[in-house]
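K.L.:
My structure is below; once you've seen it, I'll send some questions.
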Amino acid sequence: MKSQHVWTLAAILAAALVGADRAGARNYTVETLPVPEGLSSATPTQINDNGDVVGLGIIGNKAVGVLWSHGTTRILYGSPAEPGGAMNQFSPKNINIHGDIIGIGSAPGVNYSPVIYDAQTDQTSALPIPSNVFLTQPNDLNDNGIGVGYSEGSDGGPDHALYWLNGQMRILPPLPYASKPFAEAFAINNWNQIVGLSYGVDGTYHGVFWQNGQPSEFTPNRAPEGEPIGINDNGQVLILGQDSHTFVYRAYVGNGAGWTDIGVLSSADDVIPAALNNKKWVIGYETGQQVQYPILWKHGQLVNLYSLLPAGSSVKLSTLFGINNKDQIIGADGYRATPGYLLTPALAAAPEISNAFPTTIPRGEANVSLTIAGTGFEDDTTVFLKNGLELPTHVLSANKLTVDIPASATSQLSSLEFRLYTPPAGGGYSKFMAVTVVARPVLTSITPARIDPGSAKTPTYFTGMKFAPGDLVTIIDQSNHIYSVAANVASDTKLAIYLPDVVRAAAGLYYLRVGDPSGRILSNPVLLTVGRAAPLISSLSPDRVPVGLTSLSLYVNATGIVTGSKVSFNGGAPVTPTSIQTNRLLVSVPASVLAQVGSYSIRVVNSFADGGTSEPKNFVVAPRPVLTAITPSTFKASTASVTLTLTGANFEAGSVVKINDTTSVTPSFISSTKLTIVLPSAVSSTAGSYFARVFNPGYANNSAPVRFTVTPK
């Protein structure tokens with residue numbers, strides 16, 4: 001770890017201004033922890049949820065424990081106590097809610113070993129340790145009486161993670177793929193979940209989590225590399241990590257689902273965490289730039305703890321050691337500094353509400369955000385609904401917070417009543433305030449959904465659900481101008497309005513919504529078109545032509561034709577007609593269309609005010625039929641029926657065969673390459689030379705002629 005910097009009181013006071021702009025932070029009162037008579041120093045090490053503090057005292061060159069408990073101070077000797085004699089030593093590490101203390105001390109027949117100290121009887125009990133160890137370090141003790149720590153092997157032997165319960169020791173296994181059987185346990189919560197370190201496959205220490213005695217590594221790429229400091233009863237772990245690029249130290253809080261960097265007040269500083277509680281509050285210190293100061297992270301906000309001390313306080317708290325679940329903090333001006341201090345949250349005032357926004361919220365919708373303004377808001381201030389439901393808040397400052405209202409809280413209400421609550425110390429309830437709850441309207445249709453520009457002032461009718469007296473209709477144009485019109489509500493499913501003159505006069509698209517009088521609870525939008533009806537194509541003439549024509553004039557028969565009407569082919573650039581009549585356009589087909597077989601979408605294109613673009617009609621450019629042979633090509637005249645077979649390509653089911661371009665015969669369609677026909681008797685019985693062509697449907701789509709001969713009988 002980096003060496004600590006030298007710092008001055010002036011620097012401390014300047015640093016206290018960093019992070020002082022806090023959201024609803026409750027100030028702390030400061031109690032000096034007295035040094036018992038006869039001791040040269042006494043430094044706190046940990047605090048339990050009863051507010052009992054244990055620490056390390058020094059007499060000469062001997063270590064003793066110190067217990068500060070609700071105004072009393074006691075020296076904790078090793079067992080048995082020998083004042084004035086060869087004193088047994090005791091160095092406390094942690095204290096649980098029952099007053100049991102774990103540390104290093106002496107017990108009958110044992111010196112400098114992990115022990116459990118019973119502050120009620122002043123008796124220490126030695127904890128068993130592995131054989132062939134150089135040092136055994138106890139670290140934590142939970143409220144179930146379970147202690148954890150580790151031993152360092154002598155002569156290169158393994159480090160063991162240790163677990164003590166009822167005077168029995170268990171060695172916790174390292175990670176299963178560890179390159180060496182080394183592990184260390186640092187902290188345990190009241191669910192008996194343990195965190196520490198274990199060698200990994202790469203031969204370096206990795207963060208490890210023991211559940212029911214089984215180890216698992218903090219998930220790679222999710223947990224930062226570093227040393228676990230503590231674990232709370234919610235399974236949240238505090239880690240001291242180091243940035244691999246800048247090499248500065250940072251604090252992280254999280255679990256298998258992800259990790260949060262608590263941040264830093266000055267970017268060049270190291271952040272050294274010390275402890276966390278069940279609220280996920282983190283304490284520690286920040287060091288750098290010739291200054292070191294205590295920090296507190298809560299509700300995602302990092303503050304300089306000096307900013308929470310009474311004005312003018314001269315207390316020095318460069319190092320913090322512990323925080324309990326009542327938010328009490330212990331610290332001192334260094335690891336062995338005297339005196340130590342106990343910080344207790346000051347009494348909070350009862351919160352007061354001045355207003356809430358919005359004043360109207362939708363009924364039965366999830367996570368509706370409500371912003372509440374007032375005074376006396378604390379980080380732990382919550383919202384209580386009239387039905388007793390408590391809701392968490394996001395406190396932005398001492399005067400503003402937000403809360404998400406669940407759907408279930410408003411599903412049956414027309415008014416939501418709520419008040420604020422700040423828990424002890426101090427605190428209490430505010431008076432009730434209410435916001436209006438309304439159902440969000442549902443809009444299904446409007447009639448008419450289109451009007452001509454400049455049309456007469458007539459009602460527009462709305463159909464939907466959950467309409468209510470006082471509703472407004474909001475109209476938004478394409479430039480985001482907003483118009484509000486009072487509605488004539490006939491029932492909860494029908495209402496009507498008169499459109500504003502400015503809307504009726506200007507062609508465009510308008511989005512209409514129905515809303516409550518506040519204009520905040522709005523329905524889904526429905527589109528109103530101010531513009532003439534779209535043109536409608538009834539037919540194309542021709543609608544089918546053979547590929548390869550050099551030019552073609554196409555008649556487009558349609559309604560809604562105006563002076564500026566144009567025609568588009570397959571969405572290409574609109575083509576200006578050569579002739580415009582009331583219901584007909586004449587337009588030259590682009591050569592690129594005539595040159596390529598395919599189906600083309602033809603549309604009439606008007607300006608928006610004149611109806612916009614029509615729906616498409618299909619125009620087909622088809623392949624020409626090819627006739628290559630007629631079989632038989634020669635036969636004798638006969639009064640009997642004669643069948644000819646025509647072969648070629650591009651024949652269609654609608655193909656027709658013409659003899660000498662005058663006599664039409666409907667063939668039997670065999671395939672796109674074969675047709676058969678029965679010759680008319682006038683042809684088959686009369687000798688002569690004839691030719692036939694195949695005509696496919698559409699304009700001028702015929703093959704070249706092929707001849708056949710009828711010889712005399």
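Quick note on naming: the chains in the structure tokens go A, B, ... in the order shown, residues restart at 1 in each chain, and ligands are numbered from 1 in order of appearance.
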Hey, what's within 6 Å of range 691-695 of chain A if we count only C-alpha atoms and toss same-chain stuff fewer than 4 positions away? As a list of chain:residue names, please?
P.N.:
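My list of contacting residues is A:Ser655, A:Val656, A:Val657, A:Lys658, A:Ile659, A:Asn660, A:Asn701, A:Asn702, A:Ser703, A:Pro705, A:Val706, A:Arg707.
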K.L.:
Might you pull out every residue within 8 Å of Asp452 in chain A, with only C-alpha atoms counted and same-chain residues fewer than 4 positions away left off, and present them as a list in words?
P.N.:
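Counting only the stated atoms, we get Arg504, Ala507, Val530, Gly531, Arg532 and Ala533 of chain A.
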K.L.:
With all heavy atoms retained, write the just-selected residues as an mmCIF file, in the first residue's frame.
P.N.:
data_model
loop_
_atom_site.group_PDB
_atom_site.id
_atom_site.type_symbol
_atom_site.label_atom_id
_atom_site.label_comp_id
_atom_site.auth_asym_id
_atom_site.auth_seq_id
_atom_site.Cartn_x
_atom_site.Cartn_y
_atom_site.Cartn_z
ATOM 1 N N ARG A 504 -57.489 24.122 -39.401
ATOM 2 C CA ARG A 504 -58.308 23.848 -40.587
ATOM 3 C C ARG A 504 -57.756 24.525 -41.831
ATOM 4 O O ARG A 504 -57.951 24.048 -42.951
ATOM 5 C CB ARG A 504 -59.745 24.310 -40.350
ATOM 6 C CG ARG A 504 -60.496 23.458 -39.340
ATOM 7 C CD ARG A 504 -61.962 23.869 -39.197
ATOM 8 N NE ARG A 504 -62.118 25.208 -38.638
ATOM 9 C CZ ARG A 504 -62.429 26.288 -39.326
ATOM 10 N NH1 ARG A 504 -62.645 26.183 -40.644
ATOM 11 N NH2 ARG A 504 -62.540 27.459 -38.746
ATOM 12 N N ALA A 507 -52.687 22.978 -44.585
ATOM 13 C CA ALA A 507 -52.510 21.567 -44.919
ATOM 14 C C ALA A 507 -51.364 20.987 -44.103
ATOM 15 O O ALA A 507 -50.345 21.643 -43.860
ATOM 16 C CB ALA A 507 -52.231 21.416 -46.410
ATOM 17 N N VAL A 530 -54.996 17.224 -42.777
ATOM 18 C CA VAL A 530 -55.641 18.377 -43.404
ATOM 19 C C VAL A 530 -55.073 18.457 -44.817
ATOM 20 O O VAL A 530 -53.926 18.863 -45.030
ATOM 21 C CB VAL A 530 -55.399 19.671 -42.621
ATOM 22 C CG1 VAL A 530 -56.062 20.858 -43.346
ATOM 23 C CG2 VAL A 530 -55.938 19.542 -41.202
ATOM 24 N N GLY A 531 -55.842 18.023 -45.771
ATOM 25 C CA GLY A 531 -55.408 17.959 -47.165
ATOM 26 C C GLY A 531 -56.480 17.250 -47.979
ATOM 27 O O GLY A 531 -57.312 16.525 -47.427
ATOM 28 N N ARG A 532 -56.473 17.480 -49.291
ATOM 29 C CA ARG A 532 -57.476 16.846 -50.141
ATOM 30 C C ARG A 532 -57.253 15.338 -50.176
ATOM 31 O O ARG A 532 -56.181 14.832 -49.855
ATOM 32 C CB ARG A 532 -57.415 17.431 -51.554
ATOM 33 C CG ARG A 532 -57.886 18.883 -51.604
ATOM 34 C CD ARG A 532 -57.918 19.409 -53.039
ATOM 35 N NE ARG A 532 -58.481 20.757 -53.065
ATOM 36 C CZ ARG A 532 -57.786 21.866 -52.846
ATOM 37 N NH1 ARG A 532 -56.484 21.785 -52.598
ATOM 38 N NH2 ARG A 532 -58.367 23.042 -52.869
ATOM 39 N N ALA A 533 -58.305 14.632 -50.665
ATOM 40 C CA ALA A 533 -58.202 13.177 -50.763
ATOM 41 C C ALA A 533 -57.118 12.808 -51.766
ATOM 42 O O ALA A 533 -56.890 13.506 -52.763
ATOM 43 C CB ALA A 533 -59.538 12.587 -51.195
#
K.L.:
Which polymer residues have any atom within 9 Å of an atom of Val30 in chain A, counting only C-alpha atoms, with same-chain residues fewer than 4 positions away left out, as a list in words?
P.N.:
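Once the nearby chain positions are removed, what remains is Leu309, Pro310, Ser313, Val315, Tyr341, Leu342, Leu343, Thr344 and Pro345 of chain A.
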K.L.:
For the selection just defined, write its residues with C-alpha atoms to a file, as a PDB file, in the first residue's frame.
P.N.:
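Now in again-v9.pdb:
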ATOM      1  CA  LEU A 309     -19.025  17.359  11.793  1.00  0.00           C
ATOM      2  CA  PRO A 310     -20.194  20.295  13.925  1.00  0.00           C
ATOM      3  CA  SER A 313     -14.824  21.152  15.220  1.00  0.00           C
ATOM      4  CA  VAL A 315     -11.457  16.771  15.657  1.00  0.00           C
ATOM      5  CA  TYR A 341     -13.788   9.255  18.561  1.00  0.00           C
ATOM      6  CA  LEU A 342     -17.325   7.914  18.359  1.00  0.00           C
ATOM      7  CA  LEU A 343     -19.511   9.655  15.773  1.00  0.00           C
ATOM      8  CA  THR A 344     -23.273   9.339  16.197  1.00  0.00           C
ATOM      9  CA  PRO A 345     -25.854  10.687  13.700  1.00  0.00           C
TER      10      PRO A 345
END
K.L.:
What's around range 171-179 of chain A at 12 Å? Count only C-alpha atoms, leave out sequence neighbours fewer than 5 positions away in its own chain, and write the answer as a ChimeraX atom specification.
P.N.:
/A:128-131,147-151,158-165,184-186,193-218
K.L.:
Give me, please, the distance in Å between CA of Ala373 in chain A and CA of Leu308 in chain A, quoted to one decimal.
P.N.:
22.4 Å
K.L.:
Would you pick out the contacts of Asn255 in chain A at 8 Å or less, using only C-alpha atoms, so that residues sharing its chain but fewer than 4 positions from it are not included, and give the list as a count of residues only?
P.N.:
6
K.L.:
Between A:Tyr421, A:Asn48, A:Glu352, A:Gly105, which residue has the minimum interatomic distance to Ile323 in chain A, considering only C-alpha atoms?
P.N.:
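Closest to Ile323 in chain A, using only C-alpha atoms: A:Asn48.
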K.L.:
Check range 147-194 of chain A with DSSP on the backbone and list each residue it calls strand (DSSP E), as a PyMOL selection string.
P.N.:
chain A and resi 147-153+160-165+168-172+183-188+194
K.L.:
Could you pull the residues within 8 Å of Thr393 in chain A, counting only C-alpha atoms, minus those fewer than 6 positions along the same chain, as an MDAnalysis selection string?
P.N.:
chainID A and resid 381:383 401:404
